[in-house]
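Asks: Next up, final_9.csv (CSV, C-alpha atoms).
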```csv
chain,number,residue,atom,x,y,z
D,13,MET,CA,-13.0,1.3,40.5
D,14,LEU,CA,-9.4,0.1,40.6
D,15,SER,CA,-8.4,-2.8,42.7
D,16,ILE,CA,-5.8,-2.2,45.5
D,17,GLU,CA,-3.1,-3.9,43.4
D,18,GLU,CA,-3.9,-1.6,40.4
D,19,ARG,CA,-3.9,1.5,42.7
D,20,GLU,CA,-0.5,0.6,44.1
D,21,ASP,CA,0.8,0.0,40.6
D,22,ASN,CA,-0.4,3.4,39.5
D,23,LYS,CA,1.5,5.0,42.4
D,24,LEU,CA,4.7,3.8,40.9
D,25,TYR,CA,4.2,6.3,38.1
D,26,TYR,CA,1.9,9.0,39.7
D,27,TYR,CA,2.1,10.7,43.1
D,28,PRO,CA,0.1,8.6,45.7
D,29,GLU,CA,-2.0,11.6,46.8
D,30,PHE,CA,-3.0,12.2,43.1
D,31,VAL,CA,-4.0,8.5,42.6
D,32,ASP,CA,-6.0,8.5,45.9
D,33,PHE,CA,-7.8,11.7,44.7
D,34,CYS,CA,-8.7,10.2,41.3
D,35,TYR,CA,-10.0,7.0,42.8
D,36,ALA,CA,-11.4,8.1,46.1
D,37,ASP,CA,-13.9,6.2,48.3
D,38,SER,CA,-16.1,9.3,48.9
D,39,PRO,CA,-16.7,12.6,47.1
D,40,GLN,CA,-15.3,14.5,50.1
D,41,GLU,CA,-11.9,12.9,49.4
D,42,GLY,CA,-11.8,13.1,45.6
D,43,CYS,CA,-13.4,11.6,42.4
D,44,VAL,CA,-16.0,8.8,42.8
D,45,GLU,CA,-17.0,7.1,39.6
D,46,TYR,CA,-20.4,5.6,38.7
D,47,ARG,CA,-20.9,3.9,35.4
D,48,LYS,CA,-23.8,2.5,33.3
D,49,THR,CA,-23.1,0.0,30.5
D,50,ILE,CA,-24.9,0.9,27.3
D,51,ASP,CA,-23.2,-1.3,24.7
D,52,ARG,CA,-25.4,-0.2,21.8
D,53,SER,CA,-25.0,1.0,18.3
D,54,ILE,CA,-26.7,4.3,17.3
D,55,THR,CA,-27.5,5.8,14.0
D,56,VAL,CA,-27.9,9.5,13.6
D,57,GLU,CA,-28.9,11.4,10.5
D,58,LEU,CA,-27.2,14.7,9.9
D,59,LYS,CA,-27.7,16.8,6.8
D,60,GLY,CA,-29.2,13.9,4.9
D,61,SER,CA,-26.3,11.5,5.7
D,62,LYS,CA,-26.5,8.7,8.2
D,63,MET,CA,-23.6,8.0,10.6
D,64,ASN,CA,-23.2,5.0,12.9
D,65,PHE,CA,-21.3,4.8,16.2
D,66,HIS,CA,-21.2,2.6,19.2
D,67,VAL,CA,-21.9,3.8,22.7
D,68,ASP,CA,-20.0,1.7,25.3
D,69,LEU,CA,-20.5,3.4,28.7
D,70,LEU,CA,-22.1,6.3,30.4
D,71,HIS,CA,-20.1,7.7,33.3
D,72,LEU,CA,-20.8,10.0,36.2
D,73,TYR,CA,-17.9,11.4,38.2
D,74,VAL,CA,-18.7,13.1,41.5
D,75,PHE,CA,-16.1,15.4,42.9
D,76,PRO,CA,-15.7,17.5,46.1
D,77,SER,CA,-17.5,20.8,46.4
D,78,GLU,CA,-20.6,19.5,44.6
D,79,VAL,CA,-19.0,19.2,41.2
D,80,ALA,CA,-20.3,16.4,38.9
D,81,ILE,CA,-19.1,15.5,35.4
D,82,PHE,CA,-20.7,13.2,32.9
D,83,SER,CA,-18.9,11.4,30.1
D,84,VAL,CA,-20.1,9.2,27.3
D,85,HIS,CA,-17.6,6.7,25.8
D,86,ILE,CA,-18.3,6.2,22.1
D,87,LYS,CA,-16.5,4.5,19.2
D,88,ALA,CA,-16.8,5.0,15.5
D,89,GLU,CA,-15.1,3.8,12.3
D,90,HIS,CA,-15.3,5.9,9.2
D,91,GLU,CA,-13.2,6.4,6.1
D,92,SER,CA,-13.8,10.1,6.0
D,93,MET,CA,-12.5,12.2,8.8
D,94,ASN,CA,-15.1,14.8,8.0
D,95,ASN,CA,-17.7,12.3,9.3
D,96,PHE,CA,-15.9,12.4,12.7
D,97,THR,CA,-15.8,16.2,13.0
D,98,ASN,CA,-19.4,16.5,11.8
D,99,LEU,CA,-20.6,13.8,14.2
D,100,LEU,CA,-18.8,15.2,17.2
D,101,PHE,CA,-19.7,18.8,16.3
D,102,ASN,CA,-23.4,17.9,16.5
D,103,LEU,CA,-23.2,15.5,19.5
D,104,ARG,CA,-21.4,18.1,21.7
D,105,SER,CA,-24.0,20.8,21.2
D,106,PRO,CA,-27.1,20.4,23.4
D,107,ASN,CA,-29.0,23.1,21.5
D,108,ARG,CA,-29.0,20.7,18.5
D,109,TYR,CA,-30.5,17.7,20.3
D,110,ASP,CA,-34.0,18.7,19.2
D,111,ASP,CA,-33.0,17.7,15.6
D,112,LYS,CA,-35.1,14.6,14.5
D,113,GLY,CA,-31.9,12.9,13.4
D,114,LEU,CA,-30.6,12.9,16.9
D,115,LYS,CA,-33.8,11.4,18.5
D,116,GLU,CA,-32.2,8.1,19.3
D,117,TRP,CA,-29.2,9.7,20.9
D,118,ARG,CA,-31.4,12.0,23.0
D,119,ASN,CA,-33.6,9.2,24.3
D,120,LEU,CA,-30.8,6.7,25.0
D,121,ILE,CA,-28.1,9.0,26.4
D,122,ILE,CA,-29.3,12.5,27.1
D,123,GLY,CA,-32.5,11.5,28.8
D,124,PRO,CA,-30.7,9.5,31.7
D,125,MET,CA,-28.2,12.3,32.0
D,126,MET,CA,-30.9,14.9,32.4
D,127,GLU,CA,-32.6,12.8,35.1
D,128,CYS,CA,-29.4,12.4,37.0
D,129,ARG,CA,-28.5,16.0,36.6
D,130,ASN,CA,-31.8,17.1,38.1
D,131,CYS,CA,-31.3,14.7,41.0
D,132,LEU,CA,-27.8,16.2,41.7
D,133,SER,CA,-28.7,19.8,41.3
D,134,TYR,CA,-30.8,22.1,43.5
D,135,SER,CA,-32.4,23.6,40.4
D,136,GLN,CA,-34.7,21.5,38.2
D,137,SER,CA,-34.7,22.2,34.5
D,138,ASP,CA,-36.1,20.5,31.3
D,139,LYS,CA,-33.7,22.5,29.1
D,140,LEU,CA,-31.1,20.3,27.5
D,141,THR,CA,-28.6,23.2,27.6
D,142,SER,CA,-28.6,22.9,31.4
D,143,LEU,CA,-26.3,19.9,30.9
D,144,VAL,CA,-23.5,22.4,30.4
D,145,GLU,CA,-23.3,24.6,33.5
D,146,ASN,CA,-20.9,27.2,32.1
D,147,GLY,CA,-20.8,27.4,28.3
D,148,ASN,CA,-22.8,26.0,25.4
D,149,LYS,CA,-21.2,22.7,24.4
D,150,LEU,CA,-19.8,19.6,25.9
D,151,ARG,CA,-16.0,19.0,26.0
D,152,ILE,CA,-14.4,16.3,23.9
D,153,PHE,CA,-11.5,14.0,24.6
D,154,GLN,CA,-10.9,12.2,21.3
D,155,ILE,CA,-8.5,9.6,20.0
D,156,ILE,CA,-8.1,9.3,16.2
D,157,ASP,CA,-6.1,6.3,15.1
D,158,THR,CA,-5.2,6.0,11.4
D,159,ASP,CA,-3.3,3.5,9.3
D,160,ASP,CA,0.5,3.9,9.0
D,161,ASN,CA,0.6,4.7,5.3
D,162,TYR,CA,-1.7,7.7,5.5
D,163,PHE,CA,0.2,9.1,8.4
D,164,LYS,CA,3.6,8.9,6.6
D,165,THR,CA,2.3,10.8,3.5
D,166,LEU,CA,1.7,14.0,5.5
D,167,GLU,CA,4.3,16.7,5.8
D,168,ASP,CA,4.7,18.5,9.1
D,169,THR,CA,2.6,21.5,8.0
D,170,GLU,CA,-0.1,19.2,6.7
D,171,LEU,CA,-0.1,17.3,9.9
D,172,GLU,CA,-0.4,20.5,11.9
D,173,CYS,CA,-3.3,21.5,9.7
D,174,LEU,CA,-5.1,18.2,10.2
D,175,LEU,CA,-4.5,18.2,13.9
D,176,TYR,CA,-6.0,21.8,14.1
D,177,GLU,CA,-9.0,20.8,12.0
D,178,LEU,CA,-9.7,17.7,14.2
D,179,GLY,CA,-9.3,19.7,17.4
D,180,THR,CA,-11.6,22.5,16.3
D,181,LEU,CA,-14.0,20.0,14.6
D,182,SER,CA,-13.7,21.9,11.3
D,183,LYS,CA,-13.9,20.7,7.8
D,184,VAL,CA,-10.9,18.4,7.2
D,185,THR,CA,-9.1,19.6,4.1
D,186,LEU,CA,-6.6,16.7,4.1
D,187,GLY,CA,-3.6,19.0,4.1
D,188,LYS,CA,-4.9,21.3,1.4
D,189,PHE,CA,-5.3,24.3,3.7
D,190,LYS,CA,-3.7,26.8,1.3
D,191,GLU,CA,-6.0,25.6,-1.5
D,192,GLU,CA,-9.2,25.8,0.6
D,193,PRO,CA,-8.6,28.6,3.2
D,194,LEU,CA,-11.2,28.1,5.9
D,195,PHE,CA,-9.5,30.0,8.8
D,196,SER,CA,-6.6,32.2,9.6
D,197,GLU,CA,-3.2,30.5,9.0
D,198,SER,CA,-1.5,32.8,11.6
D,199,TYR,CA,-4.1,31.8,14.2
D,200,MET,CA,-3.7,28.1,13.4
D,201,LYS,CA,0.1,28.4,13.9
D,202,HIS,CA,-0.5,30.3,17.2
D,203,VAL,CA,-2.9,27.5,18.4
D,204,ILE,CA,-0.5,24.7,17.3
D,205,GLU,CA,2.5,26.4,18.9
D,206,HIS,CA,0.8,26.7,22.3
D,207,GLY,CA,-1.3,23.5,22.4
D,208,ARG,CA,0.5,20.9,20.4
D,209,ILE,CA,2.3,17.9,22.0
D,210,SER,CA,4.7,16.3,19.6
D,211,ILE,CA,7.2,14.0,21.3
D,212,PHE,CA,6.9,10.6,19.5
D,213,ASN,CA,6.8,10.0,15.8
D,214,ASN,CA,3.6,7.9,15.9
D,215,TRP,CA,1.3,10.3,17.7
D,216,ASN,CA,0.6,14.0,18.2
D,217,ALA,CA,-1.9,15.7,20.5
D,218,LEU,CA,-3.5,19.1,20.7
D,219,ALA,CA,-5.0,20.7,23.8
D,220,LEU,CA,-7.6,23.4,23.4
D,221,MET,CA,-10.3,24.9,25.6
D,222,ASP,CA,-13.1,22.5,24.5
D,223,THR,CA,-11.2,19.6,23.1
D,224,PHE,CA,-8.2,17.4,23.7
D,225,SER,CA,-7.2,15.4,20.5
D,226,ILE,CA,-4.8,12.6,20.0
D,227,LEU,CA,-3.9,11.7,16.4
D,228,SER,CA,-2.0,8.5,16.1
D,229,CYS,CA,-1.0,5.8,13.6
D,230,GLN,CA,-1.5,2.1,14.4
D,231,ALA,CA,-1.5,2.7,18.1
D,232,GLN,CA,-1.1,-0.5,20.2
D,233,PRO,CA,-4.1,-1.4,22.3
D,234,TRP,CA,-2.1,-0.8,25.5
D,235,MET,CA,-1.3,2.7,24.4
D,236,ILE,CA,-5.0,3.5,23.8
D,237,SER,CA,-5.8,2.0,27.1
D,238,ASN,CA,-3.2,4.1,28.8
D,239,TRP,CA,-4.6,7.3,27.1
D,240,GLU,CA,-8.1,6.5,28.3
D,241,ASP,CA,-7.3,5.2,31.8
D,242,CYS,CA,-4.6,7.8,32.7
D,243,TYR,CA,-4.7,10.8,30.4
D,244,PHE,CA,-8.5,11.1,30.4
D,245,ARG,CA,-9.6,9.3,33.5
D,246,MET,CA,-7.0,11.0,35.8
D,247,ILE,CA,-5.3,14.0,34.2
D,248,TYR,CA,-8.1,15.4,32.0
D,249,LEU,CA,-10.9,14.9,34.5
D,250,HIS,CA,-8.9,16.4,37.4
D,251,SER,CA,-8.2,19.5,35.2
D,252,LEU,CA,-11.9,19.8,34.3
D,253,PHE,CA,-12.8,19.6,38.0
D,254,MET,CA,-10.3,22.4,38.7
D,255,LYS,CA,-11.7,24.5,35.8
D,256,CYS,CA,-15.3,24.1,37.0
D,257,TYR,CA,-14.5,24.9,40.6
D,258,LEU,CA,-12.3,27.9,39.9
D,259,PHE,CA,-14.7,29.3,37.3
D,260,ASN,CA,-17.6,29.1,39.7
D,261,LEU,CA,-15.6,30.5,42.6
D,262,ASN,CA,-14.6,33.4,40.4
D,263,LEU,CA,-18.2,34.1,39.7
D,264,LYS,CA,-19.1,34.0,43.4
D,265,PHE,CA,-16.2,36.4,44.2
D,266,ARG,CA,-17.4,38.9,41.7
D,267,LYS,CA,-21.0,38.7,43.0
D,268,GLN,CA,-20.1,38.9,46.7
D,269,LEU,CA,-17.0,41.1,46.6
D,270,SER,CA,-16.8,43.3,49.7
D,271,GLY,CA,-19.7,41.4,51.1
D,272,ARG,CA,-19.8,39.5,54.4
D,273,TYR,CA,-19.4,36.1,52.7
D,274,VAL,CA,-16.1,36.9,51.0
D,275,HIS,CA,-14.0,35.7,53.9
D,276,GLY,CA,-15.8,32.3,53.7
D,277,LEU,CA,-15.0,32.1,50.0
D,278,ILE,CA,-11.3,32.7,50.7
D,279,GLY,CA,-11.4,29.9,53.3
D,280,ARG,CA,-12.9,27.6,50.7
D,281,PHE,CA,-10.2,28.5,48.2
D,282,ASP,CA,-7.5,27.8,50.7
D,283,HIS,CA,-9.0,24.4,51.4
D,284,PHE,CA,-9.2,23.7,47.7
D,285,SER,CA,-5.6,24.7,47.1
D,286,LEU,CA,-4.4,22.6,50.0
D,287,HIS,CA,-6.3,19.4,49.3
D,288,TYR,CA,-7.2,19.3,45.6
D,289,CYS,CA,-4.4,21.1,43.7
D,290,PHE,CA,-1.5,19.0,42.7
D,291,TYR,CA,1.4,21.0,41.3
D,292,ARG,CA,3.2,17.8,40.3
D,293,ILE,CA,1.2,14.7,39.6
D,294,ALA,CA,3.7,12.2,38.2
D,295,TYR,CA,7.3,11.0,38.4
D,296,ASN,CA,7.8,10.7,34.6
D,297,PHE,CA,8.0,13.6,32.1
D,298,LEU,CA,5.2,12.6,29.7
D,299,PRO,CA,2.2,12.8,32.1
D,300,LEU,CA,3.6,16.1,33.3
D,301,GLU,CA,3.8,17.4,29.7
D,302,ILE,CA,0.2,16.2,29.1
D,303,ASP,CA,-1.0,17.9,32.3
D,304,LYS,CA,0.7,21.2,31.5
D,305,SER,CA,-0.8,21.2,28.0
D,306,ILE,CA,-4.3,20.5,29.2
D,307,ASP,CA,-4.0,23.2,31.9
D,308,ARG,CA,-2.8,25.7,29.3
D,309,GLY,CA,-5.7,24.7,27.0
D,310,LEU,CA,-8.3,25.1,29.8
D,311,GLU,CA,-6.6,28.4,31.0
D,312,LEU,CA,-6.3,27.2,34.6
D,313,ASN,CA,-3.5,29.6,35.4
D,314,GLU,CA,-5.7,32.5,34.2
D,315,GLU,CA,-8.5,31.4,36.6
D,316,MET,CA,-6.0,31.1,39.4
D,317,SER,CA,-4.4,34.4,38.7
D,318,GLN,CA,-7.8,36.1,38.6
D,319,LEU,CA,-8.7,34.6,42.0
D,320,TYR,CA,-5.3,35.6,43.5
D,321,ALA,CA,-5.8,39.2,42.2
D,322,VAL,CA,-9.3,39.4,43.7
D,323,ILE,CA,-8.2,38.0,47.0
D,324,LYS,CA,-5.2,40.3,47.1
D,325,LYS,CA,-7.5,43.3,46.4
D,326,GLU,CA,-9.9,42.2,49.1
D,327,ASN,CA,-7.1,41.7,51.6
D,328,THR,CA,-5.8,45.1,50.8
D,329,LYS,CA,-9.2,46.6,51.5
D,330,ARG,CA,-9.5,44.7,54.7
D,331,GLU,CA,-6.0,45.9,55.8
D,332,GLU,CA,-6.8,49.5,54.9
D,333,LYS,CA,-10.1,49.3,56.8
D,334,SER,CA,-8.2,47.7,59.8
D,335,ASP,CA,-5.6,50.5,59.6
D,336,ARG,CA,-8.2,53.2,59.7
D,337,ARG,CA,-9.8,51.6,62.7
D,338,MET,CA,-6.5,51.3,64.4
D,339,ASN,CA,-5.5,54.9,63.6
D,340,SER,CA,-8.9,56.1,65.0
D,341,LEU,CA,-8.3,54.1,68.2
D,342,LEU,CA,-4.8,55.4,68.5
D,343,THR,CA,-6.0,59.0,68.0
D,344,VAL,CA,-8.6,58.6,70.8
D,345,LEU,CA,-5.9,57.1,73.1
D,346,SER,CA,-3.5,59.9,72.2
D,347,LEU,CA,-6.1,62.5,73.0
D,348,LEU,CA,-6.9,60.8,76.3
D,349,THR,CA,-3.2,60.7,77.1
D,350,ILE,CA,-2.8,64.4,76.2
D,351,ILE,CA,-5.8,65.4,78.3
D,352,SER,CA,-4.5,63.4,81.2
D,353,ALA,CA,-1.0,64.9,80.8
D,354,ILE,CA,-2.4,68.5,80.7
D,355,TRP,CA,-4.5,67.8,83.8
D,356,ASP,CA,-1.5,66.3,85.6
D,357,PHE,CA,0.6,69.3,84.6
D,358,SER,CA,-2.1,71.7,85.8
D,359,CYS,CA,-2.3,70.0,89.2
D,360,LEU,CA,1.6,70.0,89.5
D,361,PHE,CA,1.7,73.7,88.6
D,362,ASP,CA,-1.1,74.4,91.2
D,363,ARG,CA,1.1,72.7,93.9
D,364,MET,CA,4.1,74.8,92.9
D,365,TYR,CA,2.3,78.1,92.4
D,366,PRO,CA,-1.1,78.1,94.0
D,367,TYR,CA,-3.7,79.4,91.5
D,368,SER,CA,-5.7,81.1,94.3
D,369,GLU,CA,-2.8,83.4,95.0
D,370,ILE,CA,-1.9,84.2,91.3
D,371,PHE,CA,-5.4,84.3,89.6
D,372,GLY,CA,-7.5,85.0,92.6
D,373,THR,CA,-9.4,81.7,92.4
D,374,GLN,CA,-8.3,78.1,91.9
D,375,ILE,CA,-10.9,77.4,89.2
D,376,LEU,CA,-9.8,80.4,87.1
D,377,GLY,CA,-6.2,79.2,87.4
D,378,TYR,CA,-7.0,75.7,86.2
D,379,ARG,CA,-9.0,77.0,83.2
D,380,THR,CA,-6.2,79.4,82.2
D,381,VAL,CA,-3.4,76.8,82.5
D,382,VAL,CA,-5.4,74.1,80.7
D,383,LEU,CA,-6.3,76.5,77.9
D,384,LEU,CA,-2.7,77.6,77.4
D,385,CYS,CA,-1.4,74.0,77.4
D,386,ALA,CA,-4.1,73.0,74.9
D,387,THR,CA,-3.4,76.0,72.6
D,388,LEU,CA,0.4,75.3,72.8
D,389,PHE,CA,-0.2,71.6,71.9
D,390,ALA,CA,-2.5,72.5,69.0
D,391,VAL,CA,0.1,75.0,67.6
D,392,LEU,CA,2.9,72.5,67.9
D,393,SER,CA,0.8,69.8,66.2
D,394,ILE,CA,-0.1,72.1,63.3
D,395,PHE,CA,3.6,73.1,62.9
D,396,ILE,CA,4.9,69.5,63.0
D,397,TYR,CA,2.3,67.9,60.7
D,398,GLY,CA,2.3,70.9,58.4
D,399,LYS,CA,6.1,70.6,58.0
D,400,LYS,CA,5.7,66.9,57.2
D,401,ASP,CA,3.1,67.6,54.5
D,402,ARG,CA,5.5,70.1,52.8
```
Now that the file is in, can you turn its structure into structure tokens?

Replies:
Amino acid sequence: MLSIEEREDNKLYYYPEFVDFCYADSPQEGCVEYRKTIDRSITVELKGSKMNFHVDLLHLYVFPSEVAIFSVHIKAEHESMNNFTNLLFNLRSPNRYDDKGLKEWRNLIIGPMMECRNCLSYSQSDKLTSLVENGNKLRIFQIIDTDDNYFKTLEDTELECLLYELGTLSKVTLGKFKEEPLFSESYMKHVIEHGRISIFNNWNALALMDTFSILSCQAQPWMISNWEDCYFRMIYLHSLFMKCYLFNLNLKFRKQLSGRYVHGLIGRFDHFSLHYCFYRIAYNFLPLEIDKSIDRGLELNEEMSQLYAVIKKENTKREEKSDRRMNSLLTVLSLLTIISAIWDFSCLFDRMYPYSEIFGTQILGYRTVVLLCATLFAVLSIFIYGKKDR
């Protein structure tokens, strides 16, 4: 938790309501953080090679609407970047945790997460894949800091290739993409074009659906601290919360569309949009650029557009149904008005020209006049509406 002074300092750079949401006092107001200190080194064996990394903290973030997100803060130092991608590729996949080489990781980290997950969830499960509610792997926020000499030797195309390989946890070709083609170059350019953040010379970032990667050279400790405390702790987690909530709400809409609970879902979405969506989060340009890139990578606009389309369709159905009811009511009222008018006309005509004198009996006169009026009204209606249809 931040102190009051630290919160007020953050509000100089970020909107106050956004800061209050990220460091809320209760889950009804925003994100509440719980942490467990691990401070332990772990060795995993993957494909015959051992890799070491240090686990600092295990976090649990509880959000409104019963959304909970775990995070594990790890650090590793390796000469080969392939070790990073291989390590993270295995650690993010719960279906790989049964591997004997990941036993220590499973017992120390995954075990407590599963216990906490079962306490938070209505459904109990022993399957490790249940840690990921929607999908099959954990998401990654990674910072790769290199020495200055290596960074300067890369051309821009090589840097793009390296950033893509780190972001997708692929084999790192060290800029030799054309010599060792592992993926489509056109697709790589498409991903880089839409997800890359390149503002300063000493660091680049890439926002994808499952990863957010920062590649830097000799980053100062205060920079890394800012990336962790602001870009991850505030911006990335808020976007993940929105992604989880909107994705689940879309599922519920599809299951209950045209059902009696849809109106309640629309109310929940309105509450979410009003209290938890922040269309601008900061006063400065860089956090806004980071936020936009992360939202594009997570496809938040697509989730929102899908919800708006479903809500619009449902509202159209409700309006059409309401219009049909109103038209039916107006038809009944019109018929009653017409019947009343015909009856009043018949009575007036009887006063002017007594039916008993013309038709012999009053009853026969009423029947004749009413029938003639009704027939005339029917003919006029058919003529008028038939002309409109043509």

Asks: Kindly give the distance, in Å, that separates atom CA of Met246 of chain D and atom CA of Glu29 of chain D, rounded to a single decimal.

Replies: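 Between these atoms lies a distance of 12.1 Å.
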
Asks: Calculated over all atoms listed in the file, which of the candidates D:Asn213, D:Thr97, D:Ser137, D:Ser142 has the smallest distance to Gly179 of chain D?

Replies: D:Thr97

Asks: In Å, rounded to a single decimal, give me how far atom CA of His275 of chain D is from atom CA of Lys255 of chain D.

Replies: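 It comes out at 21.4 Å.
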
Asks: May I have the residues within 10 Å of Leu312 of chain D as an MDAnalysis selection string, using only C-alpha atoms and disregarding those fewer than 5 positions away in the same chain?

Replies: chainID D and resid 251:252 254:256 258:259 304 306:307 317:318

Asks: Please produce a file of the residues just selected, as an mmCIF file, keeping the file's coordinate frame, where the atoms kept are C-alpha atoms.

Replies:
```
data_model
loop_
_atom_site.group_PDB
_atom_site.id
_atom_site.type_symbol
_atom_site.label_atom_id
_atom_site.label_comp_id
_atom_site.auth_asym_id
_atom_site.auth_seq_id
_atom_site.Cartn_x
_atom_site.Cartn_y
_atom_site.Cartn_z
ATOM 1 C CA SER D 251 -8.200 19.500 35.200
ATOM 2 C CA LEU D 252 -11.900 19.800 34.300
ATOM 3 C CA MET D 254 -10.300 22.400 38.700
ATOM 4 C CA LYS D 255 -11.700 24.500 35.800
ATOM 5 C CA CYS D 256 -15.300 24.100 37.000
ATOM 6 C CA LEU D 258 -12.300 27.900 39.900
ATOM 7 C CA PHE D 259 -14.700 29.300 37.300
ATOM 8 C CA LYS D 304 0.700 21.200 31.500
ATOM 9 C CA ILE D 306 -4.300 20.500 29.200
ATOM 10 C CA ASP D 307 -4.000 23.200 31.900
ATOM 11 C CA SER D 317 -4.400 34.400 38.700
ATOM 12 C CA GLN D 318 -7.800 36.100 38.600
#
```

Asks: Excluding segment 59-72 of chain D and residues on its chain fewer than 2 positions from it, collect all residues at most 10 Å away from it, counting all atoms listed in the file, and give them as a PyMOL selection string.

Replies: chain D and resi 43-57+74-75+80-90+95-96+98-99+113+117+120-121+124-125+128-129

Asks: Give me the residues near Val322 of chain D as a PDB file with C-alpha atoms, in the coordinates of the input, where near means some atom within 9 Å (using only C-alpha atoms) and where sequence neighbours in that chain fewer than 3 positions away do not count.

Replies:
```pdb
ATOM      1  CA  ASN D 262     -14.600  33.400  40.400  1.00  0.00           C
ATOM      2  CA  PHE D 265     -16.200  36.400  44.200  1.00  0.00           C
ATOM      3  CA  ARG D 266     -17.400  38.900  41.700  1.00  0.00           C
ATOM      4  CA  LEU D 269     -17.000  41.100  46.600  1.00  0.00           C
ATOM      5  CA  SER D 317      -4.400  34.400  38.700  1.00  0.00           C
ATOM      6  CA  GLN D 318      -7.800  36.100  38.600  1.00  0.00           C
ATOM      7  CA  LEU D 319      -8.700  34.600  42.000  1.00  0.00           C
ATOM      8  CA  LYS D 325      -7.500  43.300  46.400  1.00  0.00           C
ATOM      9  CA  GLU D 326      -9.900  42.200  49.100  1.00  0.00           C
ATOM     10  CA  ASN D 327      -7.100  41.700  51.600  1.00  0.00           C
TER      11      ASN D 327
END
```

Asks: List as a compact mmCIF listing (two decimals) with C-alpha atoms, in the coordinates of the input the protein and nucleic acid residues near Trp239 of chain D, meaning an atom at most 12 Å away when only C-alpha atoms are counted, but skip any in the same chain fewer than 2 places from it.

Replies:
```txt
# COMPACT_ATOMS: atom_id res chain seq x y z
CA PHE D 153 -11.50 14.00 24.60
CA GLN D 154 -10.90 12.20 21.30
CA ILE D 155 -8.50 9.60 20.00
CA ILE D 156 -8.10 9.30 16.20
CA TRP D 215 1.30 10.30 17.70
CA ALA D 217 -1.90 15.70 20.50
CA PHE D 224 -8.20 17.40 23.70
CA SER D 225 -7.20 15.40 20.50
CA ILE D 226 -4.80 12.60 20.00
CA LEU D 227 -3.90 11.70 16.40
CA SER D 228 -2.00 8.50 16.10
CA ALA D 231 -1.50 2.70 18.10
CA GLN D 232 -1.10 -0.50 20.20
CA PRO D 233 -4.10 -1.40 22.30
CA TRP D 234 -2.10 -0.80 25.50
CA MET D 235 -1.30 2.70 24.40
CA ILE D 236 -5.00 3.50 23.80
CA SER D 237 -5.80 2.00 27.10
CA ASP D 241 -7.30 5.20 31.80
CA CYS D 242 -4.60 7.80 32.70
CA TYR D 243 -4.70 10.80 30.40
CA PHE D 244 -8.50 11.10 30.40
CA ARG D 245 -9.60 9.30 33.50
CA MET D 246 -7.00 11.00 35.80
CA ILE D 247 -5.30 14.00 34.20
CA TYR D 248 -8.10 15.40 32.00
CA LEU D 298 5.20 12.60 29.70
CA PRO D 299 2.20 12.80 32.10
CA ILE D 302 0.20 16.20 29.10
```
